[in-house]
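**Student:** Okay, here's the structure, questions in a sec.
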Amino acid sequence: MKLAIGSDKSGFAVKEAVKAYLKEAGVEFDDLGTVDLNEVHPYYRVAGDVAPKVQDGTYEKAILICGTGAGMSVVANKFKGVHAVACESLYAAKMARAINNANVLCMGGWIVGPEMAIEMVKMFLKTDWCQDLEDWRAVNMHKFAAEVKAIEDRIYGA
């Protein structure tokens with residue numbers, strides 16, 4: 001799996017800690033955000049650069065970090081097939097994958113510290129869609145996914 005990662009200035013320190021973890025874990029990634037604090041990219045540009053590359057399959061998943069995670073998720077979710085969730089806990093990161101089949105984890109550098117962010121990334125990456133859900137809920141998740149796709153198709157075209 002190849003990941004994209006990106007941040008603006010507010011998420012830079014957390015992103016650098018996550019990058020160090022990913023490198024140590026042998027996870028392949030590209031940093032598409034701010035890489036030098038003297039040349040800062042705003043959240044909307046970073047999310048706008050990353051999301052289309054998740055959409056077209058260049059990257060299977062992405063991690064986006066701004067001040068709260070909300071701005072990145074708002075922009076990333078403008079792209080069909082991109083399901084970005086702003087998370088502030090391990091449980092939210094797990095359920096974003098298990099229930100929502102999120103392919104973009106958004107976090108806030110003002111909200112979660114580097115250690116928590118790394119644990120959230122681990123949880124996000126190791127959780128599969130419908131993992132640990134009751135059978136009835138997993139069946140419903142597949143139905144719901146089809147309905148969400150139909151909504152996207154109505155908005156963006158098939």
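Labeling convention for the structure tokens: chains A, B, ... as they appear, residues from 1 per chain, ligands from 1 in order of appearance.
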What lies within 7 Å of His41 in chain A using only C-alpha atoms, ignoring chain neighbours under 6 positions off, as a ChimeraX atom specification?
**Tutor:** /A:8,33-34
**Student:** Please return, as a VMD selection string, all residues of range 52-135 of chain A that DSSP assigns to helix (DSSP H, G or I) on the basis of the backbone.
**Tutor:** chain A and resid 52 to 55 70 to 76 90 to 98 114 to 126 135
**Student:** Quick one: residues within 8 Å of Ile65 in chain A, only C-alpha atoms counted, chain neighbours fewer than 4 positions away excluded, as a ChimeraX atom specification?
**Tutor:** /A:6-8,10-12,14-15,69,72,106-109
**Student:** Which residues are close to range 120-128 of chain A, i.e. within 7 Å by only C-alpha atoms, leaving aside same-chain residues fewer than 2 positions away? Reply as a PyMOL selection string.
**Tutor:** chain A and resi 89-90+93-94+97-98+116-118+130-131
**Student:** Which parts of range 17-156 of chain A does DSSP call strand (DSSP E) when run on the backbone here, written out as a ChimeraX atom specification?
**Tutor:** /A:28-31,61-66,84-86,104-108
**Student:** Mind writing the picked residues with C-alpha atoms as a short mmCIF file (atom, residue, chain, number, x, y, z; two decimals), in the first residue's frame?
**Tutor:**
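Written output follows (selection-v7.cif):
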```cif
data_model
loop_
_atom_site.label_atom_id
_atom_site.label_comp_id
_atom_site.auth_asym_id
_atom_site.auth_seq_id
_atom_site.Cartn_x
_atom_site.Cartn_y
_atom_site.Cartn_z
CA GLU A 28 5.71 3.67 1.41
CA PHE A 29 4.42 7.24 1.29
CA ASP A 30 4.77 10.55 -0.48
CA ASP A 31 4.56 13.90 1.30
CA LYS A 61 -5.24 5.94 1.42
CA ALA A 62 -4.08 9.31 2.69
CA ILE A 63 -3.39 11.12 5.93
CA LEU A 64 -4.10 14.85 6.09
CA ILE A 65 -3.29 17.08 9.06
CA CYS A 66 -4.29 20.70 9.58
CA ALA A 84 -12.31 11.64 4.57
CA VAL A 85 -13.05 11.66 8.28
CA ALA A 86 -11.63 14.05 10.87
CA VAL A 104 -8.50 9.50 4.19
CA LEU A 105 -7.69 10.06 7.85
CA CYS A 106 -7.74 13.71 8.85
CA MET A 107 -6.37 14.91 12.16
CA GLY A 108 -5.82 18.19 13.94
#
```
**Student:** Counting only C-alpha atoms, which residues in range 11-129 of chain A sit no more than 8 Å from range 137-151 of chain A? For each one, give the nearest pair of atoms and the distance in Å, sorted by chain then residue number, as JSON lines.
**Tutor:**
```
{"residue": "A:Gly81", "atom": "CA", "partner": "A:Lys149", "partner_atom": "CA", "distance": 7.8}
{"residue": "A:Ile99", "atom": "CA", "partner": "A:Met141", "partner_atom": "CA", "distance": 6.7}
{"residue": "A:Asn100", "atom": "CA", "partner": "A:Met141", "partner_atom": "CA", "distance": 7.9}
```
**Student:** A:Val75, A:Ala158, A:Ala4, A:Leu37: which is nearest Thr58 in chain A, counting only C-alpha atoms?
**Tutor:** A:Ala4
**Student:** By how many Å are CA of Lys19 in chain A and CA of Ile5 in chain A apart?
**Tutor:**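 According to the coordinates, CA of Lys19 in chain A and CA of Ile5 in chain A are separated by 8.1 Å.
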**Student:** To one decimal place in Å, what is the distance between CA of Cys87 in chain A and CA of Arg154 in chain A?
**Tutor:** 27.6 Å
**Student:** Would you mind listing what lies within 12 Å of Lys78 in chain A as a ChimeraX atom specification, with only C-alpha atoms counted and same-chain residues fewer than 3 positions away left out?
**Tutor:** /A:44,47-52,55,71-75,81-84,152,155-156
**Student:** Atoms to include: C-alpha atoms. Write the selected residues as a PDB file, in the first residue's frame.
**Tutor:**
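This went into again_30.pdb:
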```pdb
ATOM      1  CA  TYR A  44      -7.280  23.653   0.972  1.00  0.00           C
ATOM      2  CA  ALA A  47      -6.258  18.483   0.431  1.00  0.00           C
ATOM      3  CA  GLY A  48      -7.003  19.595  -3.132  1.00  0.00           C
ATOM      4  CA  ASP A  49      -3.720  18.057  -4.302  1.00  0.00           C
ATOM      5  CA  VAL A  50      -4.041  14.797  -2.344  1.00  0.00           C
ATOM      6  CA  ALA A  51      -7.730  13.909  -2.804  1.00  0.00           C
ATOM      7  CA  PRO A  52      -7.665  13.584  -6.621  1.00  0.00           C
ATOM      8  CA  GLN A  55      -9.731   9.349  -6.253  1.00  0.00           C
ATOM      9  CA  GLY A  71     -10.724  21.862   6.857  1.00  0.00           C
ATOM     10  CA  MET A  72      -8.816  19.024   5.228  1.00  0.00           C
ATOM     11  CA  SER A  73     -11.841  16.709   5.463  1.00  0.00           C
ATOM     12  CA  VAL A  74     -14.206  19.309   4.004  1.00  0.00           C
ATOM     13  CA  VAL A  75     -12.012  19.827   0.944  1.00  0.00           C
ATOM     14  CA  GLY A  81     -14.964   8.338  -4.040  1.00  0.00           C
ATOM     15  CA  VAL A  82     -12.931  10.105  -1.383  1.00  0.00           C
ATOM     16  CA  HIS A  83     -14.222   9.490   2.121  1.00  0.00           C
ATOM     17  CA  ALA A  84     -12.309  11.644   4.567  1.00  0.00           C
ATOM     18  CA  GLU A 152     -22.238  10.435  -5.480  1.00  0.00           C
ATOM     19  CA  ILE A 155     -24.093  14.559  -7.814  1.00  0.00           C
ATOM     20  CA  TYR A 156     -21.016  13.909  -9.945  1.00  0.00           C
TER      21      TYR A 156
END
```
**Student:** Could you tell me which of A:Glu16, A:Asp56, A:Glu88, A:Asp153 comes closest to Thr68 in chain A if we count only C-alpha atoms?
**Tutor:**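 Closest candidate: A:Glu88.
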**Student:** For a quick check of understanding, using only C-alpha atoms, which of A:Gly26, A:Asn103, A:Gly57, A:Tyr91 has the smallest distance to Asn77 in chain A?
**Tutor:** A:Asn103
**Student:** In Å, how far is it from CA of Tyr21 in chain A to CA of Lys53 in chain A?
**Tutor:**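 Computed distance, CA of Tyr21 in chain A to CA of Lys53 in chain A, equals 22.3 Å.
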